[in-house]
Structures are given as structure tokens and as C-alpha cells.
Amino acid sequence: MPPNDAPKQPWTLPGWRRRTRTWIQAVLAQRDLTVTGPIEQTHVKPWSTVLRVPTTAGAIYFKANTPALAHEPAVTEALSRWRPEDLPTVLATDPERGWMLMADGGARLREVLAADRDLRHWETLLPRYAEIQIELAGRLTELLQLGVPDRRLALLPECYRRLLDDTPALRLDLPDGIGSAEYRRLRELEPRLADLCAQLAASPVPESIHHGDLHDGNIFVHDGRYTFFDWADGSASHPFFSLRGVSVSLEHTLQIEEGAPEFLRLRDAYLEPWTRYASRVDLLTTFDLAQRLSPLSGALIWHHTNLEASLWQDYAHAVPVLLQEFLGAVD
């Protein structure tokens, strides 16, 4: 549970807008660009905010995170160097303050899908996402040095124990929380989790970056190019965990449930690049096991967000709900 003294949202502090505007203008001046209109705050969440900046070269976007997610600018900048065709164009970063300035990525996939409902978007971009993960499997040490949280399979049981120790985050015996009987079952599952992690680690599929929030609101489309935004929830973990977010996104936007033929088609498109490591049959076994553990990964992401207590109540249900989903998948 986030402590009462968790850092406040930086954008609520006096002078924040003035400081960000000064920084943005200095970055633009280095590129012979200027601001041409009002800077709009287009996105506000307890953990991040985005500003739209009109310039002489078109709109660009500024993003700021809370301290718990301040590693995102450095991570995104590195990813954009390694995979420029798939990542946002980063114009500048201030890693100490968690600030980042990016070029416009185009239209959100969510709006594109609402208009054309064409599954070929997902069918095209999922293999590209897999290729990103395959390449970055060899860069995990660098990503960890940049601040990506370490949730590799060998550490997952300890992460799980620490999460269960934080009973306020579980909302123990509250209406929207974990009940005492569920809590006992979660504790009893500790040896089972260690065994499942060992089984998954035995797969030839290497650990890599897990986006943590891979849905159609974080993928942008422009001239047939798909760009993967918002790596704040990324971690070093099992790559297949990322498909849980895709599954939720498909159900929300296109009413395609996990297990439906359309979902299985997209799962297979994602798995195809991984056949360099294992057969399709073995990959399906690995995928099914990873999906059973993926709700735990989601719970750990929410727990890491570390919101100040006054903001946490609106999202307090997330950790218990995900742990209940995990319980149902592995118990």
C-alpha cells in the first residue's frame, strides 16, 4: 500500500507549469522551433500527465511521471535508439525530473479500431512487438541499469511474498478487498508459485522487457507505422505476460474474448517470431503457463505505482482484483 508520505504529483506543485514551459522552450530553441499557441494538458492521471505543445513544426508532446515511474524517459530514449522504427521519436529527456518530449505518434489504435474494426492491425503489430522483445532480451542488463523494475522469474516468488506482507494494499476483509480465506489460500500458494516460475524459466524463451500496459490506447498509427508508447509500467520479466493487456484491450474495444478464434489467431501471430526458440507446441504450453501467472505481474505493477494515499482510493481495488484473478488461475 502506498505510504501516507508518498511523493505528491509534481504537476500539482507551485511553479510546475512555468518550469516545464521554460524547459520545453529551451529544447525547442535548440531545434529552431517555437511554441505557437497555448500548451494544453491533454492527459492527467495520478501517476502521469501529458501536455500537447503546438509548434512551428506541428504538435509535440511532453510527458511527466511521478517519482516511482521517473525511469520512463531514460528507458524510452534507449528503446528509441535501439528500435527507432517501432518507438516514439524522443526529442529530449530530463531523467532526474521524469520529463520527456516526444514527436507526434499519429492516431491512437483505439480510435482506428473503433472506425474500421480491422484485426489486421493487431495481426501486423504483434509480431513486431515480439521482435522488439527478442532483440531486447540481450539488453536486460542495460535496461535494469536504466531503472526498469526487476521482476524476472527467479525474483517473482519474493516479490509475491512482499506484496502479501503489505496487507493494507490487499484491503484485507474490506468489501472490495481480499477476504481472510482468500488470503490464506494466497499464502499457501507460495510453494506452488515457486514451482510454476521454475517451470516457466525452464522454457527456451528468454526473459525480456514486458511492456506492462500493452493496449490499444498506448499504440499509435501513422502512415502504416505502429509505434509503441508508454513504457512506464515496463519490467524485466517473462515476455509473454504482455499478452494479458492485449486480451483485455480486445475484449474492451472489439468484444473479442480470450479463447475466441480471433484471439487465438492473434496469439499465433505473436508467437510466430518465437519459433526460433521452440516448436509451436512447446510455445503454446509456455504461453498458457505465462497467462496463468500474468495477473500477478499486473498486481505487482499497480503496487509499484506508489500513489500518495489521498489518490489511492480510486484505484485500491486493482491489486485485490488481480490477485483474485491469479488465485483463480493457479489454485
# chains A, B, ... in the order shown; residues from 1 in each chain; ligands from 1

$ residues_around --residues "region 155-165 of chain A" --least-positions-apart "3" --cutoff "9 Å" --atoms "only C-alpha atoms" --output "ChimeraX atom specification"
/A:1,150-152,168-170,183,186-187,190-191,193-194,197,237,296-297,299-300,303

$ closest_residue --among "A:Gln41, A:Thr227, A:Gln145, A:Thr55" --to "Gly105 (chain A)" --atoms "only C-alpha atoms"
A:Thr227

$ closest_residue --among "A:Tyr277, A:Trp231, A:Trp82, A:Trp122" --to "Pro149 (chain A)" --atoms "only C-alpha atoms"
A:Trp231

$ residues_around --residues "region 9-23 of chain A" --least-positions-apart "4" --cutoff "9 Å" --atoms "only C-alpha atoms" --output "PyMOL selection string"
chain A and resi 27-28+39+46-49+62+64-67+97+99+307-308

$ residues_around --residues "Glu272 (chain A)" --least-positions-apart "6" --cutoff "9 Å" --atoms "only C-alpha atoms" --output "compact mmCIF listing (two decimals) with N, CA and C atoms, in the first residue's frame"
# COMPACT_ATOMS: atom_id res chain seq x y z
N PRO A 127 3.57 -9.35 -34.12
CA PRO A 127 4.90 -9.91 -34.42
C PRO A 127 6.02 -8.88 -34.29
N ALA A 130 6.83 -8.68 -30.70
CA ALA A 130 7.63 -9.85 -30.33
C ALA A 130 9.09 -9.66 -30.74
N ARG A 280 6.06 -24.79 -32.09
CA ARG A 280 4.77 -24.16 -31.81
C ARG A 280 4.08 -24.85 -30.64

$ select_by_dssp --residues "region 87-135 of chain A" --states "strand (DSSP E or B)" --output "ChimeraX atom specification"
/A:90-94,99-103,107-108

$ atom_distance --atom1 "CA of His317 (chain A)" --atom2 "CA of His252 (chain A)"
18.8 Å

$ closest_residue --among "A:Met100, A:Leu250, A:Leu323, A:Val281" --to "Val75 (chain A)" --atoms "only C-alpha atoms"
A:Met100

$ closest_residue --among "A:Leu33, A:Gly245, A:Leu91, A:Ala107" --to "Asp223 (chain A)" --atoms "only C-alpha atoms"
A:Ala107

$ closest_residue --among "A:Val90, A:Leu327, A:Leu254, A:Leu283" --to "Arg117 (chain A)" --atoms "only C-alpha atoms"
A:Leu254

$ closest_residue --among "A:Thr93, A:Thr275, A:Thr141, A:Thr285" --to "Glu72 (chain A)" --atoms "only C-alpha atoms"
A:Thr93

$ residues_around --residues "region 262-267 of chain A" --least-positions-apart "2" --cutoff "9 Å" --atoms "only C-alpha atoms" --output "JSON, numbers by chain"
{"A": [119, 120, 122, 123, 126, 243, 247, 250, 256, 257, 258, 259, 260, 269, 270, 271, 272, 287]}

$ write_last_selection --atoms "N, CA and C atoms" --output "PDB file, in the first residue's frame"
ATOM      1  N   LEU A 119      -8.937  -6.449 -37.582  1.00  0.00           N
ATOM      2  CA  LEU A 119      -7.988  -7.187 -36.758  1.00  0.00           C
ATOM      3  C   LEU A 119      -6.590  -7.250 -37.353  1.00  0.00           C
ATOM      4  N   ARG A 120      -6.481  -6.897 -38.627  1.00  0.00           N
ATOM      5  CA  ARG A 120      -5.156  -6.971 -39.256  1.00  0.00           C
ATOM      6  C   ARG A 120      -4.173  -5.988 -38.620  1.00  0.00           C
ATOM      7  N   TRP A 122      -3.767  -5.536 -35.321  1.00  0.00           N
ATOM      8  CA  TRP A 122      -3.131  -6.348 -34.284  1.00  0.00           C
ATOM      9  C   TRP A 122      -2.287  -7.459 -34.895  1.00  0.00           C
ATOM     10  N   GLU A 123      -2.786  -8.041 -35.964  1.00  0.00           N
ATOM     11  CA  GLU A 123      -2.062  -9.156 -36.587  1.00  0.00           C
ATOM     12  C   GLU A 123      -0.727  -8.700 -37.151  1.00  0.00           C
ATOM     13  N   LEU A 126       1.623  -7.246 -33.597  1.00  0.00           N
ATOM     14  CA  LEU A 126       2.056  -8.169 -32.541  1.00  0.00           C
ATOM     15  C   LEU A 126       3.368  -8.882 -32.875  1.00  0.00           C
ATOM     16  N   LEU A 243       0.725 -10.248 -23.203  1.00  0.00           N
ATOM     17  CA  LEU A 243      -0.498 -10.549 -23.956  1.00  0.00           C
ATOM     18  C   LEU A 243      -1.750 -10.443 -23.094  1.00  0.00           C
ATOM     19  N   SER A 247      -5.258  -8.962 -24.460  1.00  0.00           N
ATOM     20  CA  SER A 247      -6.523  -9.670 -24.282  1.00  0.00           C
ATOM     21  C   SER A 247      -7.604  -8.749 -23.719  1.00  0.00           C
ATOM     22  N   LEU A 250      -8.648  -6.224 -26.408  1.00  0.00           N
ATOM     23  CA  LEU A 250      -9.512  -6.810 -27.443  1.00  0.00           C
ATOM     24  C   LEU A 250     -10.946  -6.961 -26.949  1.00  0.00           C
ATOM     25  N   ILE A 256     -13.943  -9.116 -28.237  1.00  0.00           N
ATOM     26  CA  ILE A 256     -13.348 -10.420 -28.543  1.00  0.00           C
ATOM     27  C   ILE A 256     -12.799 -10.998 -27.243  1.00  0.00           C
ATOM     28  N   GLU A 257     -13.352 -12.110 -26.810  1.00  0.00           N
ATOM     29  CA  GLU A 257     -12.938 -12.697 -25.552  1.00  0.00           C
ATOM     30  C   GLU A 257     -11.733 -13.603 -25.731  1.00  0.00           C
ATOM     31  N   GLU A 258     -10.950 -13.741 -24.652  1.00  0.00           N
ATOM     32  CA  GLU A 258      -9.825 -14.662 -24.673  1.00  0.00           C
ATOM     33  C   GLU A 258     -10.341 -16.071 -24.966  1.00  0.00           C
ATOM     34  N   GLY A 259      -9.703 -16.747 -25.889  1.00  0.00           N
ATOM     35  CA  GLY A 259     -10.143 -18.074 -26.289  1.00  0.00           C
ATOM     36  C   GLY A 259     -10.990 -18.080 -27.537  1.00  0.00           C
ATOM     37  N   ALA A 260     -11.491 -16.907 -27.949  1.00  0.00           N
ATOM     38  CA  ALA A 260     -12.244 -16.816 -29.195  1.00  0.00           C
ATOM     39  C   ALA A 260     -11.311 -17.070 -30.375  1.00  0.00           C
ATOM     40  N   ALA A 269      -0.075 -15.203 -34.193  1.00  0.00           N
ATOM     41  CA  ALA A 269       0.748 -14.204 -34.896  1.00  0.00           C
ATOM     42  C   ALA A 269       1.864 -13.706 -33.994  1.00  0.00           C
ATOM     43  N   TYR A 270       1.542 -13.482 -32.726  1.00  0.00           N
ATOM     44  CA  TYR A 270       2.553 -13.045 -31.765  1.00  0.00           C
ATOM     45  C   TYR A 270       3.613 -14.119 -31.540  1.00  0.00           C
ATOM     46  N   LEU A 271       3.196 -15.368 -31.451  1.00  0.00           N
ATOM     47  CA  LEU A 271       4.127 -16.448 -31.145  1.00  0.00           C
ATOM     48  C   LEU A 271       5.030 -16.827 -32.309  1.00  0.00           C
ATOM     49  N   GLU A 272       4.640 -16.489 -33.528  1.00  0.00           N
ATOM     50  CA  GLU A 272       5.400 -16.932 -34.697  1.00  0.00           C
ATOM     51  C   GLU A 272       6.882 -16.546 -34.632  1.00  0.00           C
ATOM     52  N   PHE A 287       3.060 -20.394 -23.303  1.00  0.00           N
ATOM     53  CA  PHE A 287       2.119 -19.273 -23.316  1.00  0.00           C
ATOM     54  C   PHE A 287       1.011 -19.477 -22.288  1.00  0.00           C
TER      55      PHE A 287
END

$ select_by_dssp --residues "region 106-321 of chain A" --states "alpha helix (DSSP H)" --output "PyMOL selection string"
chain A and resi 109-116+120-136+140-145+156-165+167-170+180-188+190-201+243-254+261-271+280-304+309-312+318-321

$ residues_around --residues "Thr89 (chain A)" --least-positions-apart "4" --cutoff "9 Å" --atoms "only C-alpha atoms" --output "short mmCIF file (atom, residue, chain, number, x, y, z; two decimals) with N, CA, C and O atoms, in the first residue's frame"
data_model
loop_
_atom_site.label_atom_id
_atom_site.label_comp_id
_atom_site.auth_asym_id
_atom_site.auth_seq_id
_atom_site.Cartn_x
_atom_site.Cartn_y
_atom_site.Cartn_z
N GLU A 77 14.04 6.62 -24.25
CA GLU A 77 15.11 7.15 -25.11
C GLU A 77 16.01 6.03 -25.59
O GLU A 77 16.38 5.98 -26.78
N SER A 80 14.18 3.90 -28.14
CA SER A 80 14.04 4.58 -29.43
C SER A 80 15.33 4.56 -30.22
O SER A 80 15.31 4.62 -31.46
N ARG A 81 16.48 4.47 -29.54
CA ARG A 81 17.76 4.33 -30.25
C ARG A 81 17.90 2.92 -30.82
O ARG A 81 18.38 2.74 -31.93
N PRO A 84 14.24 2.39 -33.51
CA PRO A 84 13.63 3.66 -33.90
C PRO A 84 12.38 3.50 -34.77
O PRO A 84 11.51 4.37 -34.77
N LEU A 101 10.06 14.75 -23.91
CA LEU A 101 9.42 15.46 -25.02
C LEU A 101 9.50 14.56 -26.25
O LEU A 101 10.58 14.09 -26.61
N MET A 102 8.33 14.34 -26.89
CA MET A 102 8.26 13.38 -27.99
C MET A 102 7.53 13.96 -29.19
O MET A 102 6.65 14.82 -29.04
N ALA A 103 7.87 13.44 -30.36
CA ALA A 103 7.15 13.81 -31.57
C ALA A 103 5.76 13.16 -31.57
O ALA A 103 5.51 12.17 -30.88
N ASP A 104 4.87 13.72 -32.35
CA ASP A 104 3.51 13.19 -32.50
C ASP A 104 3.58 11.78 -33.09
O ASP A 104 4.29 11.54 -34.07
N GLY A 105 2.83 10.85 -32.50
CA GLY A 105 2.84 9.47 -32.98
C GLY A 105 1.72 9.14 -33.94
O GLY A 105 1.64 8.02 -34.45
#

$ atom_distance --atom1 "CA of His304 (chain A)" --atom2 "CA of Pro95 (chain A)"
18.5 Å

$ residues_around --residues "region 134-140 of chain A" --least-positions-apart "4" --cutoff "8 Å" --atoms "only C-alpha atoms" --output "list in words"
Ala130, Leu144, Pro206, Glu207, Ser208, Ile209, Ala236 and Trp274 of chain A

$ decode --residues "region 74-85 of chain A" --atoms "all heavy atoms" --output "PDB file, in the first residue's frame"
ATOM      1  N   ALA A  74      14.342   7.812 -19.610  1.00  0.00           N
ATOM      2  CA  ALA A  74      15.624   7.211 -19.975  1.00  0.00           C
ATOM      3  C   ALA A  74      15.410   5.884 -20.700  1.00  0.00           C
ATOM      4  O   ALA A  74      16.126   5.568 -21.673  1.00  0.00           O
ATOM      5  CB  ALA A  74      16.476   6.989 -18.727  1.00  0.00           C
ATOM      6  N   VAL A  75      14.430   5.111 -20.256  1.00  0.00           N
ATOM      7  CA  VAL A  75      14.143   3.825 -20.896  1.00  0.00           C
ATOM      8  C   VAL A  75      13.618   4.046 -22.314  1.00  0.00           C
ATOM      9  O   VAL A  75      14.066   3.396 -23.268  1.00  0.00           O
ATOM     10  CB  VAL A  75      13.131   3.024 -20.054  1.00  0.00           C
ATOM     11  CG1 VAL A  75      12.664   1.779 -20.805  1.00  0.00           C
ATOM     12  CG2 VAL A  75      13.744   2.628 -18.709  1.00  0.00           C
ATOM     13  N   THR A  76      12.682   4.957 -22.469  1.00  0.00           N
ATOM     14  CA  THR A  76      12.108   5.213 -23.797  1.00  0.00           C
ATOM     15  C   THR A  76      13.168   5.746 -24.752  1.00  0.00           C
ATOM     16  O   THR A  76      13.203   5.373 -25.939  1.00  0.00           O
ATOM     17  CB  THR A  76      10.938   6.201 -23.692  1.00  0.00           C
ATOM     18  OG1 THR A  76       9.968   5.689 -22.769  1.00  0.00           O
ATOM     19  CG2 THR A  76      10.270   6.402 -25.046  1.00  0.00           C
ATOM     20  N   GLU A  77      14.036   6.621 -24.254  1.00  0.00           N
ATOM     21  CA  GLU A  77      15.106   7.155 -25.106  1.00  0.00           C
ATOM     22  C   GLU A  77      16.015   6.030 -25.592  1.00  0.00           C
ATOM     23  O   GLU A  77      16.385   5.979 -26.782  1.00  0.00           O
ATOM     24  CB  GLU A  77      15.907   8.195 -24.337  1.00  0.00           C
ATOM     25  CG  GLU A  77      16.955   8.904 -25.189  1.00  0.00           C
ATOM     26  CD  GLU A  77      17.665   9.992 -24.411  1.00  0.00           C
ATOM     27  OE1 GLU A  77      18.039   9.756 -23.249  1.00  0.00           O
ATOM     28  OE2 GLU A  77      17.848  11.091 -24.974  1.00  0.00           O
ATOM     29  N   ALA A  78      16.363   5.116 -24.703  1.00  0.00           N
ATOM     30  CA  ALA A  78      17.207   3.982 -25.101  1.00  0.00           C
ATOM     31  C   ALA A  78      16.484   3.085 -26.105  1.00  0.00           C
ATOM     32  O   ALA A  78      17.063   2.685 -27.123  1.00  0.00           O
ATOM     33  CB  ALA A  78      17.624   3.183 -23.873  1.00  0.00           C
ATOM     34  N   LEU A  79      15.232   2.781 -25.828  1.00  0.00           N
ATOM     35  CA  LEU A  79      14.465   1.930 -26.737  1.00  0.00           C
ATOM     36  C   LEU A  79      14.342   2.578 -28.120  1.00  0.00           C
ATOM     37  O   LEU A  79      14.399   1.890 -29.145  1.00  0.00           O
ATOM     38  CB  LEU A  79      13.069   1.661 -26.163  1.00  0.00           C
ATOM     39  CG  LEU A  79      12.988   0.840 -24.883  1.00  0.00           C
ATOM     40  CD1 LEU A  79      11.538   0.709 -24.420  1.00  0.00           C
ATOM     41  CD2 LEU A  79      13.594  -0.537 -25.066  1.00  0.00           C
ATOM     42  N   SER A  80      14.177   3.897 -28.139  1.00  0.00           N
ATOM     43  CA  SER A  80      14.036   4.581 -29.428  1.00  0.00           C
ATOM     44  C   SER A  80      15.334   4.562 -30.224  1.00  0.00           C
ATOM     45  O   SER A  80      15.309   4.624 -31.461  1.00  0.00           O
ATOM     46  CB  SER A  80      13.562   6.024 -29.212  1.00  0.00           C
ATOM     47  OG  SER A  80      14.568   6.820 -28.610  1.00  0.00           O
ATOM     48  N   ARG A  81      16.481   4.473 -29.539  1.00  0.00           N
ATOM     49  CA  ARG A  81      17.760   4.334 -30.254  1.00  0.00           C
ATOM     50  C   ARG A  81      17.895   2.919 -30.818  1.00  0.00           C
ATOM     51  O   ARG A  81      18.383   2.736 -31.927  1.00  0.00           O
ATOM     52  CB  ARG A  81      18.940   4.623 -29.319  1.00  0.00           C
ATOM     53  CG  ARG A  81      19.095   6.052 -28.886  1.00  0.00           C
ATOM     54  CD  ARG A  81      20.490   6.316 -28.333  1.00  0.00           C
ATOM     55  NE  ARG A  81      20.894   5.349 -27.321  1.00  0.00           N
ATOM     56  CZ  ARG A  81      20.663   5.480 -26.016  1.00  0.00           C
ATOM     57  NH1 ARG A  81      20.013   6.544 -25.575  1.00  0.00           N
ATOM     58  NH2 ARG A  81      21.090   4.560 -25.150  1.00  0.00           N
ATOM     59  N   TRP A  82      17.467   1.941 -30.032  1.00  0.00           N
ATOM     60  CA  TRP A  82      17.638   0.555 -30.432  1.00  0.00           C
ATOM     61  C   TRP A  82      16.590   0.110 -31.454  1.00  0.00           C
ATOM     62  O   TRP A  82      16.892  -0.722 -32.310  1.00  0.00           O
ATOM     63  CB  TRP A  82      17.561  -0.354 -29.200  1.00  0.00           C
ATOM     64  CG  TRP A  82      18.606  -0.079 -28.165  1.00  0.00           C
ATOM     65  CD1 TRP A  82      19.861   0.446 -28.386  1.00  0.00           C
ATOM     66  CD2 TRP A  82      18.506  -0.269 -26.750  1.00  0.00           C
ATOM     67  NE1 TRP A  82      20.540   0.571 -27.203  1.00  0.00           N
ATOM     68  CE2 TRP A  82      19.755   0.146 -26.173  1.00  0.00           C
ATOM     69  CE3 TRP A  82      17.522  -0.753 -25.905  1.00  0.00           C
ATOM     70  CZ2 TRP A  82      19.999   0.075 -24.805  1.00  0.00           C
ATOM     71  CZ3 TRP A  82      17.767  -0.819 -24.531  1.00  0.00           C
ATOM     72  CH2 TRP A  82      18.992  -0.409 -23.998  1.00  0.00           C
ATOM     73  N   ARG A  83      15.376   0.655 -31.364  1.00  0.00           N
ATOM     74  CA  ARG A  83      14.294   0.258 -32.277  1.00  0.00           C
ATOM     75  C   ARG A  83      13.569   1.513 -32.769  1.00  0.00           C
ATOM     76  O   ARG A  83      12.383   1.717 -32.509  1.00  0.00           O
ATOM     77  CB  ARG A  83      13.312  -0.662 -31.557  1.00  0.00           C
ATOM     78  CG  ARG A  83      13.883  -1.964 -31.070  1.00  0.00           C
ATOM     79  CD  ARG A  83      14.094  -2.979 -32.184  1.00  0.00           C
ATOM     80  NE  ARG A  83      12.868  -3.281 -32.895  1.00  0.00           N
ATOM     81  CZ  ARG A  83      12.737  -4.325 -33.713  1.00  0.00           C
ATOM     82  NH1 ARG A  83      13.748  -5.157 -33.905  1.00  0.00           N
ATOM     83  NH2 ARG A  83      11.617  -4.542 -34.360  1.00  0.00           N
ATOM     84  N   PRO A  84      14.244   2.390 -33.514  1.00  0.00           N
ATOM     85  CA  PRO A  84      13.629   3.661 -33.904  1.00  0.00           C
ATOM     86  C   PRO A  84      12.382   3.503 -34.774  1.00  0.00           C
ATOM     87  O   PRO A  84      11.512   4.374 -34.770  1.00  0.00           O
ATOM     88  CB  PRO A  84      14.750   4.367 -34.673  1.00  0.00           C
ATOM     89  CG  PRO A  84      15.680   3.277 -35.111  1.00  0.00           C
ATOM     90  CD  PRO A  84      15.617   2.250 -34.038  1.00  0.00           C
ATOM     91  N   GLU A  85      12.288   2.387 -35.491  1.00  0.00           N
ATOM     92  CA  GLU A  85      11.124   2.189 -36.353  1.00  0.00           C
ATOM     93  C   GLU A  85       9.865   1.830 -35.575  1.00  0.00           C
ATOM     94  O   GLU A  85       8.750   1.906 -36.116  1.00  0.00           O
ATOM     95  CB  GLU A  85      11.420   1.091 -37.393  1.00  0.00           C
ATOM     96  CG  GLU A  85      11.611  -0.306 -36.814  1.00  0.00           C
ATOM     97  CD  GLU A  85      13.018  -0.598 -36.335  1.00  0.00           C
ATOM     98  OE1 GLU A  85      13.781   0.345 -36.048  1.00  0.00           O
ATOM     99  OE2 GLU A  85      13.357  -1.799 -36.234  1.00  0.00           O
TER     100      GLU A  85
END
